[in-house]
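Peer 1: Contents of input38.txt (compact mmCIF, C-alpha atoms) are below:
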```txt
# COMPACT_ATOMS: atom_id res chain seq x y z
CA MET A 259 -18.07 -29.43 16.41
CA ARG A 260 -17.40 -32.40 14.17
CA TYR A 261 -16.38 -30.09 11.36
CA ILE A 262 -13.97 -28.18 13.62
CA LYS A 263 -12.31 -31.44 14.61
CA ARG A 264 -12.10 -32.52 11.00
CA ILE A 265 -10.14 -29.50 9.86
CA SER A 266 -7.98 -29.13 12.95
CA SER A 267 -6.78 -31.35 15.74
CA PHE A 268 -8.35 -29.40 18.55
CA SER A 269 -9.40 -31.41 21.54
CA TYR A 270 -13.08 -31.60 22.49
CA GLU A 271 -12.68 -28.72 24.97
CA GLU A 272 -10.74 -26.59 22.50
CA SER A 273 -13.33 -27.27 19.79
CA GLU A 274 -16.04 -26.14 22.15
CA GLU A 275 -14.21 -22.89 22.73
CA VAL A 276 -13.73 -22.37 19.00
CA LEU A 277 -17.39 -23.11 18.38
CA GLN A 278 -18.39 -20.65 21.08
CA GLU A 279 -16.20 -18.01 19.47
CA ALA A 280 -17.75 -18.81 16.08
CA PHE A 281 -21.29 -18.44 17.43
CA ILE A 282 -20.43 -15.12 19.03
CA LYS A 283 -18.94 -13.96 15.74
CA ALA A 284 -22.07 -15.13 13.91
CA TRP A 285 -24.17 -13.11 16.38
CA ARG A 286 -22.04 -10.00 15.76
CA TYR A 287 -22.16 -10.46 11.99
CA ILE A 288 -25.77 -11.63 11.74
CA ARG A 289 -26.80 -8.58 9.67
CA GLU A 290 -24.21 -9.49 7.07
CA TYR A 291 -26.17 -12.60 6.16
CA ASN A 292 -28.23 -12.35 3.02
CA SER A 293 -30.34 -14.92 1.22
CA ASP A 294 -27.85 -15.44 -1.65
CA PHE A 295 -26.94 -18.72 0.03
CA SER A 296 -28.30 -20.86 2.85
CA PHE A 297 -27.90 -19.95 6.50
CA SER A 298 -26.10 -23.23 7.10
CA THR A 299 -23.49 -22.31 4.46
CA TRP A 300 -22.99 -18.95 6.13
CA ILE A 301 -22.50 -20.60 9.54
CA TYR A 302 -20.04 -23.05 7.98
CA ARG A 303 -18.10 -20.10 6.58
CA ILE A 304 -17.81 -18.45 9.98
CA VAL A 305 -16.91 -21.68 11.76
CA HIS A 306 -14.32 -22.36 9.06
CA GLN A 307 -12.78 -18.88 9.35
CA VAL A 308 -12.62 -18.96 13.14
CA THR A 309 -11.25 -22.51 13.25
CA ILE A 310 -8.57 -21.96 10.61
CA SER A 311 -7.52 -18.66 12.14
CA GLU A 312 -7.24 -20.22 15.62
CA TRP A 313 -5.57 -23.37 14.27
CA ARG A 314 -2.94 -21.37 12.34
CA LYS A 315 -2.17 -19.39 15.48
CA GLN A 316 -1.60 -22.65 17.35
CA VAL A 317 0.58 -24.10 14.58
CA SER A 318 2.67 -20.92 14.43
CA ARG A 319 3.22 -21.32 18.18
CA GLY A 320 4.76 -24.71 17.49
CA ARG A 321 1.80 -27.05 17.71
CA GLU A 322 2.11 -30.08 15.43
CA ASN A 323 -0.04 -29.76 12.30
CA GLN A 324 -1.48 -33.25 12.62
CA ILE A 325 -5.17 -33.76 11.98
CA ALA A 326 -7.19 -35.90 14.35
CA TRP A 327 -9.47 -38.07 12.28
CA ASP A 328 -11.88 -40.89 12.76
CA ASP A 329 -12.92 -44.04 10.88
CA GLU A 330 -15.54 -42.16 8.88
CA TRP A 331 -12.86 -39.71 7.81
CA MET A 332 -10.67 -42.49 6.58
CA GLU A 333 -13.29 -44.57 4.81
CA ASN A 334 -14.98 -41.67 3.07
CA ILE A 335 -11.74 -40.10 1.93
CA ALA A 336 -10.30 -43.41 0.78
CA GLY A 337 -13.61 -44.18 -0.97
CA SER A 338 -13.47 -40.87 -2.77
CA VAL A 339 -10.13 -41.79 -4.30
CA ASP A 340 -11.25 -45.37 -5.14
CA LEU A 341 -8.88 -47.01 -2.75
CA GLU A 342 -9.99 -50.44 -1.61
CA ARG A 343 -8.18 -51.35 1.57
CA ASP A 344 -8.69 -53.10 4.86
CA PHE A 345 -9.03 -50.23 7.26
CA GLN A 346 -8.87 -52.49 10.29
CA SER A 347 -5.20 -53.13 9.64
CA ARG A 348 -3.01 -51.05 11.91
CA GLU A 349 -0.44 -50.63 9.15
CA THR A 350 -3.08 -49.30 6.73
CA VAL A 351 -4.35 -46.86 9.32
CA GLU A 352 -0.86 -45.54 9.93
CA LYS A 353 -0.20 -45.12 6.22
CA MET A 354 -3.50 -43.33 5.75
CA ARG A 355 -2.70 -41.05 8.67
CA LEU A 356 0.66 -40.20 7.16
CA ALA A 357 -0.81 -39.66 3.66
CA ILE A 358 -3.51 -37.33 4.94
CA SER A 359 -1.05 -35.39 7.06
CA LEU A 360 1.05 -34.87 3.94
CA LEU A 361 -1.83 -33.20 2.11
CA PRO A 362 -1.60 -29.41 1.93
CA ASP A 363 -4.20 -27.66 4.15
CA GLN A 364 -6.32 -26.30 1.32
CA TYR A 365 -6.66 -29.78 -0.21
CA ARG A 366 -7.58 -31.29 3.13
CA GLU A 367 -10.19 -28.60 3.72
CA VAL A 368 -11.96 -29.13 0.38
CA LEU A 369 -11.84 -32.91 0.79
CA VAL A 370 -13.49 -32.63 4.18
CA LEU A 371 -16.22 -30.39 2.80
CA LYS A 372 -16.82 -32.55 -0.25
CA SER A 373 -16.39 -36.08 1.05
CA LEU A 374 -17.42 -35.77 4.67
CA GLU A 375 -19.71 -32.76 4.90
CA GLU A 376 -21.17 -33.65 1.47
CA LYS A 377 -21.24 -30.06 0.26
CA SER A 378 -21.73 -29.12 -3.38
CA TYR A 379 -19.06 -27.13 -5.24
CA GLU A 380 -21.32 -24.09 -5.03
CA GLU A 381 -21.54 -24.45 -1.26
CA ILE A 382 -17.79 -25.04 -0.95
CA SER A 383 -17.31 -21.89 -3.01
CA ASP A 384 -19.46 -19.88 -0.59
CA ILE A 385 -17.89 -21.37 2.52
CA LEU A 386 -14.27 -20.89 1.44
CA LYS A 387 -14.98 -17.71 -0.58
CA ILE A 388 -13.40 -19.08 -3.74
CA PRO A 389 -14.82 -19.33 -7.28
CA PRO A 390 -16.98 -22.48 -7.81
CA GLY A 391 -14.66 -23.66 -10.61
CA THR A 392 -11.68 -23.36 -8.29
CA ALA A 393 -13.54 -25.41 -5.66
CA GLY A 394 -14.10 -28.16 -8.23
CA SER A 395 -10.53 -28.19 -9.43
CA LEU A 396 -9.19 -28.12 -5.86
CA VAL A 397 -11.28 -31.19 -5.00
CA SER A 398 -10.04 -33.04 -8.11
CA ARG A 399 -6.43 -32.10 -7.44
CA ALA A 400 -6.78 -33.05 -3.78
CA LYS A 401 -8.08 -36.51 -4.77
CA VAL A 402 -5.29 -37.02 -7.29
CA LYS A 403 -2.69 -35.88 -4.79
CA LEU A 404 -4.06 -38.10 -2.06
CA LYS A 405 -4.23 -41.07 -4.40
CA VAL A 406 -0.62 -40.55 -5.46
CA ILE A 407 0.50 -40.33 -1.85
CA LEU A 408 -1.54 -43.38 -0.86
CA GLU A 409 -0.32 -45.46 -3.78
CA SER A 410 3.27 -44.65 -2.95
CA GLN A 411 2.51 -45.58 0.68
CA PHE A 412 0.92 -48.92 -0.23
CA SER A 413 3.23 -49.93 -3.04
CA MET B 166 -23.90 -24.68 32.65
CA SER B 167 -24.77 -25.94 29.16
CA PHE B 168 -22.95 -24.91 26.01
CA THR B 169 -25.86 -22.75 24.83
CA GLU B 170 -26.23 -21.05 28.22
CA ASN B 171 -22.51 -20.38 28.17
CA ILE B 172 -22.71 -18.52 24.87
CA ILE B 173 -25.83 -16.56 25.84
CA GLY B 174 -24.22 -15.75 29.19
CA LYS B 175 -21.10 -14.41 27.50
CA ILE B 176 -23.13 -12.33 25.02
CA GLU B 177 -25.15 -10.82 27.88
CA GLN B 178 -22.22 -10.35 30.20
CA GLU B 179 -20.04 -8.62 27.61
CA ASN B 180 -23.05 -6.88 26.07
CA ILE B 181 -22.10 -8.07 22.58
CA GLN B 182 -24.36 -6.44 20.01
CA PRO B 183 -24.76 -7.32 16.33
CA LEU B 184 -22.93 -4.89 14.07
CA PRO B 185 -25.35 -2.45 12.41
CA SER B 186 -26.36 -2.99 8.78
CA TRP B 187 -24.76 0.28 7.70
CA TRP B 188 -21.36 -1.05 8.84
CA PHE B 189 -21.59 -3.81 6.22
CA HIS B 190 -22.87 -1.39 3.57
CA VAL B 191 -19.93 0.92 4.22
CA ARG B 192 -17.46 -1.94 4.24
CA TYR B 193 -18.66 -3.55 1.02
CA GLY B 194 -19.23 -0.12 -0.53
CA PHE B 195 -15.62 0.75 0.20
CA PHE B 196 -14.37 -2.36 -1.60
CA TRP B 197 -16.69 -1.74 -4.59
CA ILE B 198 -15.44 1.84 -4.84
CA LEU B 199 -11.85 0.66 -4.51
CA PHE B 200 -12.45 -1.85 -7.31
CA LEU B 201 -14.08 0.75 -9.59
CA VAL B 202 -11.41 3.39 -8.93
CA ALA B 203 -8.65 0.85 -9.59
CA LEU B 204 -10.39 -0.18 -12.80
CA PHE B 205 -10.76 3.43 -13.92
CA LEU B 206 -7.15 4.39 -13.09
CA GLY B 207 -5.94 1.10 -14.55
CA SER B 208 -7.60 1.97 -17.85
CA ILE B 209 -5.75 5.30 -17.84
CA ALA B 210 -2.45 3.50 -17.17
CA PHE B 211 -3.35 1.15 -20.01
CA SER B 212 -4.02 4.11 -22.32
CA LEU B 213 -0.54 5.41 -21.47
CA ILE B 214 0.95 2.07 -22.47
CA LEU B 215 -0.98 2.25 -25.77
CA TYR B 216 0.18 5.84 -26.21
CA PHE B 217 3.84 4.79 -25.88
CA LEU B 218 3.33 1.89 -28.27
CA PHE B 219 1.43 3.90 -30.90
CA GLU B 220 3.38 7.13 -30.67
CA GLY B 221 6.80 5.77 -29.75
CA ASP B 222 8.01 5.54 -33.38
CA ILE B 223 9.25 2.04 -32.68
CA LEU B 224 9.28 0.93 -36.30
CA LEU B 225 11.03 4.11 -37.42
CA ALA B 226 14.05 3.58 -35.17
CA PRO B 227 17.30 2.27 -36.70
CA ASN B 228 17.09 -0.73 -34.34
CA PRO B 229 13.38 -1.27 -33.56
CA LEU B 230 13.89 -4.04 -30.99
CA SER B 231 16.35 -2.19 -28.78
CA HIS B 232 14.32 0.99 -29.24
CA PHE B 233 11.16 -0.87 -28.18
CA ILE B 234 12.87 -2.06 -24.98
CA GLU B 235 14.20 1.44 -24.32
CA MET B 236 10.78 2.99 -24.86
CA LEU B 237 8.84 0.61 -22.61
CA PRO B 238 6.95 2.81 -20.15
CA TRP B 239 7.89 0.97 -16.97
CA LEU B 240 6.14 3.48 -14.74
CA TRP B 241 2.82 2.91 -16.53
CA ILE B 242 3.26 -0.84 -16.85
CA ALA B 243 3.98 -1.07 -13.10
CA SER B 244 1.02 1.24 -12.38
CA PHE B 245 -1.28 -0.90 -14.49
CA PHE B 246 -0.29 -4.12 -12.70
CA LEU B 247 -0.49 -2.46 -9.30
CA LEU B 248 -3.98 -1.14 -10.04
CA PHE B 249 -4.97 -4.48 -11.54
CA SER B 250 -3.94 -6.24 -8.31
CA LEU B 251 -5.65 -3.61 -6.18
CA GLY B 252 -8.84 -3.97 -8.23
CA TYR B 253 -8.78 -7.74 -7.88
CA TRP B 254 -8.14 -7.49 -4.16
CA GLY B 255 -11.05 -5.03 -3.81
CA LEU B 256 -13.38 -7.22 -5.82
CA ARG B 257 -12.46 -10.31 -3.78
CA HIS B 258 -13.50 -8.45 -0.63
CA THR B 259 -16.94 -7.46 -1.90
CA SER B 260 -19.89 -9.59 -0.81
CA SER B 261 -19.92 -11.81 -3.91
CA GLY B 262 -16.73 -10.89 -5.79
CA TYR B 263 -15.01 -14.09 -4.72
CA LYS B 264 -17.14 -15.99 -7.25
CA ILE B 265 -15.28 -14.38 -10.15
CA PRO B 266 -12.19 -16.41 -11.07
CA LEU B 267 -8.84 -14.69 -11.60
CA TRP B 268 -8.80 -15.46 -15.34
CA GLY B 269 -12.31 -13.98 -15.68
CA PHE B 270 -11.16 -10.84 -13.93
CA LEU B 271 -7.97 -10.79 -15.99
CA PHE B 272 -9.72 -10.94 -19.37
CA GLY B 273 -12.59 -8.69 -18.27
CA ASN B 274 -10.22 -6.10 -16.87
CA ILE B 275 -7.91 -6.11 -19.88
CA ALA B 276 -10.84 -5.93 -22.33
CA LEU B 277 -12.43 -3.04 -20.42
CA SER B 278 -9.08 -1.27 -19.96
CA PHE B 279 -8.42 -1.71 -23.65
CA PHE B 280 -11.69 -0.12 -24.77
CA LEU B 281 -11.57 2.64 -22.15
CA GLY B 282 -7.85 3.09 -22.84
CA ILE B 283 -8.49 3.64 -26.55
CA GLY B 284 -11.12 6.22 -25.62
CA TRP B 285 -8.69 8.05 -23.31
CA TYR B 286 -6.00 7.84 -25.98
CA PHE B 287 -8.18 9.56 -28.60
CA LEU B 288 -9.14 12.20 -26.04
CA GLY B 289 -5.44 13.00 -25.54
CA ILE B 290 -5.52 12.14 -21.85
CA PRO B 291 -2.35 10.01 -21.80
CA ASP B 292 -0.34 12.80 -23.41
CA THR B 293 -1.44 15.32 -20.76
CA ILE B 294 -0.80 12.89 -17.90
CA ASP B 295 2.58 11.84 -19.28
CA ARG B 296 3.79 15.43 -19.58
CA ALA B 297 2.52 16.33 -16.10
CA THR B 298 4.12 13.22 -14.59
CA SER B 299 7.51 13.97 -16.15
CA ARG B 300 7.46 17.34 -14.36
CA ILE B 301 6.68 15.71 -11.01
CA VAL B 302 8.57 12.38 -11.14
CA PRO B 303 12.28 13.17 -11.53
CA LEU B 304 13.40 9.98 -13.30
CA HIS B 305 10.39 9.71 -15.59
CA HIS B 306 10.97 11.07 -19.10
CA SER B 307 7.85 11.82 -21.06
CA LEU B 308 7.35 10.33 -24.49
CA GLU B 309 7.80 13.80 -25.97
CA GLN B 310 11.22 14.15 -24.30
CA ARG B 311 12.27 10.68 -25.44
CA LYS B 312 11.15 11.37 -28.98
CA GLU B 313 12.97 14.69 -29.08
CA ILE B 314 16.20 12.88 -28.21
CA MET B 315 15.47 10.18 -30.77
CA TRP B 316 14.79 12.73 -33.52
CA SER B 317 17.88 14.84 -32.82
CA ARG B 318 20.20 12.39 -34.51
CA ALA B 319 21.08 13.94 -37.85
CA ASP B 320 24.03 11.52 -37.99
CA LEU B 321 21.48 8.65 -38.04
CA GLY B 322 19.30 10.49 -40.55
CA MET B 323 16.62 11.56 -38.09
CA ILE B 324 15.66 15.15 -37.39
CA ALA B 325 12.49 16.90 -36.27
CA GLY B 326 11.12 20.40 -35.92
CA VAL B 327 8.50 22.93 -36.96
CA ILE B 328 8.17 24.06 -40.59
CA ARG B 329 8.96 27.79 -40.62
CA GLU B 330 9.05 28.32 -44.36
CA ARG B 331 8.10 26.42 -47.48
CA ASN B 332 9.94 27.31 -50.63
CA GLY B 333 9.43 24.99 -53.61
CA ASP B 334 11.45 21.90 -52.88
CA MET B 335 12.95 23.33 -49.70
CA LEU B 336 11.49 23.42 -46.20
CA ILE B 337 13.04 25.48 -43.45
CA VAL B 338 12.59 23.44 -40.31
CA GLU B 339 13.40 24.72 -36.83
CA GLY B 340 14.65 22.02 -34.49
CA PRO B 341 14.05 21.83 -30.72
CA ARG B 342 17.12 23.90 -29.79
CA GLY B 343 16.49 26.55 -32.42
CA ARG B 344 18.68 24.98 -35.09
CA GLN B 345 17.43 25.79 -38.57
CA TRP B 346 17.48 22.93 -41.07
CA GLU B 347 17.18 23.31 -44.79
CA VAL B 348 15.28 20.22 -45.79
CA MET B 349 15.28 19.24 -49.45
CA VAL B 350 12.09 17.47 -50.45
CA SER B 351 10.21 16.69 -53.62
CA PRO B 352 7.74 19.52 -54.45
CA HIS B 353 4.91 17.00 -54.24
CA LEU B 354 5.90 16.02 -50.70
CA ALA B 355 6.44 19.64 -49.68
CA ARG B 356 2.86 20.47 -50.66
CA SER B 357 1.55 17.87 -48.19
CA PHE B 358 2.71 19.95 -45.21
CA ARG B 359 1.94 23.44 -44.03
CA GLU B 360 3.94 26.09 -42.24
CA GLY B 361 3.82 25.79 -38.47
CA GLN B 362 3.38 22.03 -38.63
CA ARG B 363 5.63 19.88 -36.48
CA ILE B 364 7.29 17.10 -38.44
CA LYS B 365 9.79 14.27 -38.27
CA VAL B 366 12.18 13.82 -41.15
CA LYS B 367 14.06 10.69 -42.16
CA GLY B 368 16.81 11.17 -44.68
CA ILE B 369 20.49 11.97 -45.17
CA HIS B 370 22.46 14.73 -43.51
CA GLN B 371 24.41 16.31 -46.34
CA GLY B 372 26.99 18.03 -44.13
CA GLY B 373 30.00 19.62 -45.78
CA VAL B 374 29.78 23.30 -46.73
CA ARG B 375 26.07 23.52 -46.03
CA GLU B 376 26.10 22.05 -42.53
CA ASN B 377 22.33 22.48 -42.12
CA LEU B 378 21.32 20.82 -45.35
CA PHE B 379 19.26 17.65 -45.01
CA ARG B 380 17.89 15.56 -47.87
CA ALA B 381 14.49 14.13 -46.85
CA GLU B 382 13.48 10.62 -47.81
CA SER B 383 10.26 10.72 -45.86
CA ILE B 384 8.41 13.27 -43.77
CA ILE B 385 5.93 12.27 -41.09
CA PRO B 386 3.75 14.46 -38.87
CA TRP B 387 5.17 14.65 -35.34
CA ARG B 388 2.15 12.87 -33.97
CA ARG B 389 0.08 10.09 -35.37
CA GLN B 390 -2.89 11.49 -33.50
CA SER B 391 -3.66 15.19 -33.37
CA TYR B 392 -5.27 16.14 -30.06
CA TYR B 393 -5.29 19.87 -30.44
```
Now that the file is in, can you turn its structure into structure tokens?
Peer 2:
Amino acid sequence: MRYIKRISSFSYEESEEVLQEAFIKAWRYIREYNSDFSFSTWIYRIVHQVTISEWRKQVSRGRENQIAWDDEWMENIAGSVDLERDFQSRETVEKMRLAISLLPDQYREVLVLKSLEEKSYEEISDILKIPPGTAGSLVSRAKVKLKVILESQFS
Amino acid sequence: MSFTENIIGKIEQENIQPLPSWWFHVRYGFFWILFLVALFLGSIAFSLILYFLFEGDILLAPNPLSHFIEMLPWLWIASFFLLFSLGYWGLRHTSSGYKIPLWGFLFGNIALSFFLGIGWYFLGIPDTIDRATSRIVPLHHSLEQRKEIMWSRADLGMIAGVIRERNGDMLIVEGPRGRQWEVMVSPHLARSFREGQRIKVKGIHQGGVRENLFRAESIIPWRRQSYY
């Protein structure tokens, strides 16, 4: 549920619906699972696919692509790009919100998996179905991009 | 009703069943087959590109660069890239194909296509396919057709045909439209070729009284590679 909210801005009720859909999909696809990776990674993959698919549908219908995020989101992400700031300041919070909303979706997704869900590159690779090297470079580029945006916000 | 009960209730109510294992085997099998077929056909397209490059007489043309551009086999280049993309798409949809990066696939595919392509080339497969395609695809001219046009330019010192007679320093060569050329060669060079052999001749069209007289500077077999 927390992961769904981190990669979309679904409300609690909407996230519950998405999670329900994801569990039903997992039940339908249960025989697809094999022991090449952990069950948790497989569930993450399904939740990710269902959430992104549903979220894109909503955005294409005109919903604002603004991510709802919490303090943990902000501190972990800012920590991952070595940004020392006072996150109690309203101005800082607003700038962070803007910076994160400016990040392309794929960067935001890998940052969430790496910095908040604490997944390894191998796990990110299996969740997003991308090569492990690509997962690593996406995370690095996401951090650089976020840092650039944040520095321009705070300068 | 709790969240868990909700999900179980929906599964029971709608009688949602897990998809059978064979469904996944068929699905992933389809993508593996697609990948392998694309790889196989891609290697044939690649062999056709090699065939045009090796047999296209690029360096023998009066203007090699413009001739090279003219001779580029667009149909086969487009086919190769289309099959390459299809193969990559198929591989990405297999159960673990997503782990292979694009550059890995690119180099692997080109290396494999290259080795398989060379094999097909020496087996004469591109020649057969190219001829067959030119009969089916209206705007596609086979390499043979292109070369016949290229080697029908006596004014540029380029003729071709089959040796009908060998007489000392003279070869009687029959061109594609039945024109008989008297080709003057050195006796040493004349001995290197046999009657019935198809050749290309670079030299000077003498013209004048003996309209069919051609002085050869070099004679090359029609094909670099003999398949038959």
Peer 1: For chain B against chain A, with a cut-off of 7 Å and counting all atoms listed in the file, what is the closest atom pair and its distance in Å to one decimal for every residue that makes the cut, ordered by chain and number, as a tab-separated table?
Peer 2:
```
residue	atom	partner	partner_atom	distance
B:Ile172	CA	A:Gln278	CA	6.1
B:Gln182	CA	A:Arg286	CA	6.0
B:Pro183	CA	A:Arg286	CA	3.9
B:Leu184	CA	A:Arg286	CA	5.5
B:Pro185	CA	A:Arg289	CA	6.9
B:Ser186	CA	A:Arg289	CA	5.7
B:Phe189	CA	A:Glu290	CA	6.3
B:Tyr263	CA	A:Ile388	CA	5.3
B:Lys264	CA	A:Pro389	CA	4.1
B:Ile265	CA	A:Pro389	CA	5.7
B:Pro266	CA	A:Pro389	CA	5.5
```
Peer 1: Could you jot down the CA of Glu360 in chain B to CA of Arg331 in chain B separation for me, Å, one decimal place?
Peer 2: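 The value is 6.7 Å.
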Peer 1: Have a look at A:Val370, A:Val317, A:Ile301, A:Ile385 and name the one nearest to Phe268 in chain A; count only C-alpha atoms.
Peer 2: A:Val317
Peer 1: For Thr309 in chain A, please output as a short mmCIF file (atom, residue, chain, number, x, y, z; two decimals) with C-alpha atoms, in the coordinates of the input all residues within 7 Å (counting all atoms listed in the file; exclusion window: fewer than 4 positions along the same chain).
Peer 2:
```
data_model
loop_
_atom_site.label_atom_id
_atom_site.label_comp_id
_atom_site.auth_asym_id
_atom_site.auth_seq_id
_atom_site.Cartn_x
_atom_site.Cartn_y
_atom_site.Cartn_z
CA ILE A 262 -13.97 -28.18 13.62
CA VAL A 276 -13.73 -22.37 19.00
CA VAL A 305 -16.91 -21.68 11.76
CA TRP A 313 -5.57 -23.37 14.27
#
```
Peer 1: Just want the 7 Å neighbourhood of Ile304 in chain A, counted on all atoms listed in the file, with same-chain residues fewer than 4 positions away dropped. Output as an MDAnalysis selection string.
Peer 2: chainID A and resid 280 284 300 308
Peer 1: With only C-alpha atoms as the basis for distance, which of B:Phe279, B:Phe211, B:Tyr216, B:Phe233 is at the shortest distance from Thr293 in chain B?
Peer 2: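 Once distances to Thr293 in chain B are computed over only C-alpha atoms, the minimum belongs to B:Tyr216.
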Peer 1: Work out how far CA of Pro238 in chain B is from CA of Pro291 in chain B, in Å to one decimal.
Peer 2: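 So the two atoms, CA of Pro291 in chain B and CA of Pro238 in chain B, lie 11.9 Å apart.
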Peer 1: Could you state the separation of CA of Pro386 in chain B and CA of Ile242 in chain B in Å, given to one decimal place?
Peer 2: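 Here the two named atoms are 26.8 Å from each other.
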Peer 1: So that I can see what lies close to range 282-290 of chain B, please list as a VMD selection string the residues with an atom at most 12 Å from it, counting all atoms listed in the file and leaving out residues fewer than 3 positions away in the same chain.
Peer 2: chain B and resid 204 to 220 245 274 to 279 293 to 297 388 to 393
Peer 1: Take the selection from the previous step and output its residues with C-alpha atoms, as a PDB file, keeping the file's coordinate frame.
Peer 2:
```
ATOM      1  CA  LEU B 204     -10.390  -0.180 -12.800  1.00  0.00           C
ATOM      2  CA  PHE B 205     -10.760   3.430 -13.920  1.00  0.00           C
ATOM      3  CA  LEU B 206      -7.150   4.390 -13.090  1.00  0.00           C
ATOM      4  CA  GLY B 207      -5.940   1.100 -14.550  1.00  0.00           C
ATOM      5  CA  SER B 208      -7.600   1.970 -17.850  1.00  0.00           C
ATOM      6  CA  ILE B 209      -5.750   5.300 -17.840  1.00  0.00           C
ATOM      7  CA  ALA B 210      -2.450   3.500 -17.170  1.00  0.00           C
ATOM      8  CA  PHE B 211      -3.350   1.150 -20.010  1.00  0.00           C
ATOM      9  CA  SER B 212      -4.020   4.110 -22.320  1.00  0.00           C
ATOM     10  CA  LEU B 213      -0.540   5.410 -21.470  1.00  0.00           C
ATOM     11  CA  ILE B 214       0.950   2.070 -22.470  1.00  0.00           C
ATOM     12  CA  LEU B 215      -0.980   2.250 -25.770  1.00  0.00           C
ATOM     13  CA  TYR B 216       0.180   5.840 -26.210  1.00  0.00           C
ATOM     14  CA  PHE B 217       3.840   4.790 -25.880  1.00  0.00           C
ATOM     15  CA  LEU B 218       3.330   1.890 -28.270  1.00  0.00           C
ATOM     16  CA  PHE B 219       1.430   3.900 -30.900  1.00  0.00           C
ATOM     17  CA  GLU B 220       3.380   7.130 -30.670  1.00  0.00           C
ATOM     18  CA  PHE B 245      -1.280  -0.900 -14.490  1.00  0.00           C
ATOM     19  CA  ASN B 274     -10.220  -6.100 -16.870  1.00  0.00           C
ATOM     20  CA  ILE B 275      -7.910  -6.110 -19.880  1.00  0.00           C
ATOM     21  CA  ALA B 276     -10.840  -5.930 -22.330  1.00  0.00           C
ATOM     22  CA  LEU B 277     -12.430  -3.040 -20.420  1.00  0.00           C
ATOM     23  CA  SER B 278      -9.080  -1.270 -19.960  1.00  0.00           C
ATOM     24  CA  PHE B 279      -8.420  -1.710 -23.650  1.00  0.00           C
ATOM     25  CA  THR B 293      -1.440  15.320 -20.760  1.00  0.00           C
ATOM     26  CA  ILE B 294      -0.800  12.890 -17.900  1.00  0.00           C
ATOM     27  CA  ASP B 295       2.580  11.840 -19.280  1.00  0.00           C
ATOM     28  CA  ARG B 296       3.790  15.430 -19.580  1.00  0.00           C
ATOM     29  CA  ALA B 297       2.520  16.330 -16.100  1.00  0.00           C
ATOM     30  CA  ARG B 388       2.150  12.870 -33.970  1.00  0.00           C
ATOM     31  CA  ARG B 389       0.080  10.090 -35.370  1.00  0.00           C
ATOM     32  CA  GLN B 390      -2.890  11.490 -33.500  1.00  0.00           C
ATOM     33  CA  SER B 391      -3.660  15.190 -33.370  1.00  0.00           C
ATOM     34  CA  TYR B 392      -5.270  16.140 -30.060  1.00  0.00           C
ATOM     35  CA  TYR B 393      -5.290  19.870 -30.440  1.00  0.00           C
TER      36      TYR B 393
END
```
Peer 1: Pull the neighbourhood of (18.0, 7.4, -38.9) for me: all residues within 9 Å in file coordinates, counting all atoms listed in the file, as a count of residues only.
Peer 2: 16
Peer 1: Could you give me range 289-299 of chain A completed to N, CA and C atoms, formatted as a short mmCIF file (atom, residue, chain, number, x, y, z; two decimals), in the coordinates of the input?
Peer 2:
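Final output, saved to part.cif:
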```cif
data_model
loop_
_atom_site.label_atom_id
_atom_site.label_comp_id
_atom_site.auth_asym_id
_atom_site.auth_seq_id
_atom_site.Cartn_x
_atom_site.Cartn_y
_atom_site.Cartn_z
N ARG A 289 -26.18 -9.47 10.68
CA ARG A 289 -26.80 -8.58 9.67
C ARG A 289 -26.06 -8.64 8.33
N GLU A 290 -24.94 -9.32 8.34
CA GLU A 290 -24.21 -9.49 7.07
C GLU A 290 -24.88 -10.56 6.21
N TYR A 291 -25.57 -11.47 6.89
CA TYR A 291 -26.17 -12.60 6.16
C TYR A 291 -27.23 -12.11 5.19
N ASN A 292 -27.16 -12.63 3.98
CA ASN A 292 -28.23 -12.35 3.02
C ASN A 292 -28.65 -13.68 2.39
N SER A 293 -29.76 -13.65 1.69
CA SER A 293 -30.34 -14.92 1.22
C SER A 293 -29.71 -15.44 -0.07
N ASP A 294 -28.52 -14.94 -0.43
CA ASP A 294 -27.85 -15.44 -1.65
C ASP A 294 -27.47 -16.91 -1.48
N PHE A 295 -27.25 -17.31 -0.24
CA PHE A 295 -26.94 -18.72 0.03
C PHE A 295 -27.59 -19.11 1.36
N SER A 296 -27.56 -20.41 1.67
CA SER A 296 -28.30 -20.86 2.85
C SER A 296 -27.62 -20.41 4.15
N PHE A 297 -28.42 -20.35 5.20
CA PHE A 297 -27.90 -19.95 6.50
C PHE A 297 -26.83 -20.93 6.98
N SER A 298 -27.07 -22.20 6.68
CA SER A 298 -26.10 -23.23 7.10
C SER A 298 -24.74 -22.99 6.44
N THR A 299 -24.76 -22.60 5.17
CA THR A 299 -23.49 -22.31 4.46
C THR A 299 -22.79 -21.13 5.12
#
```
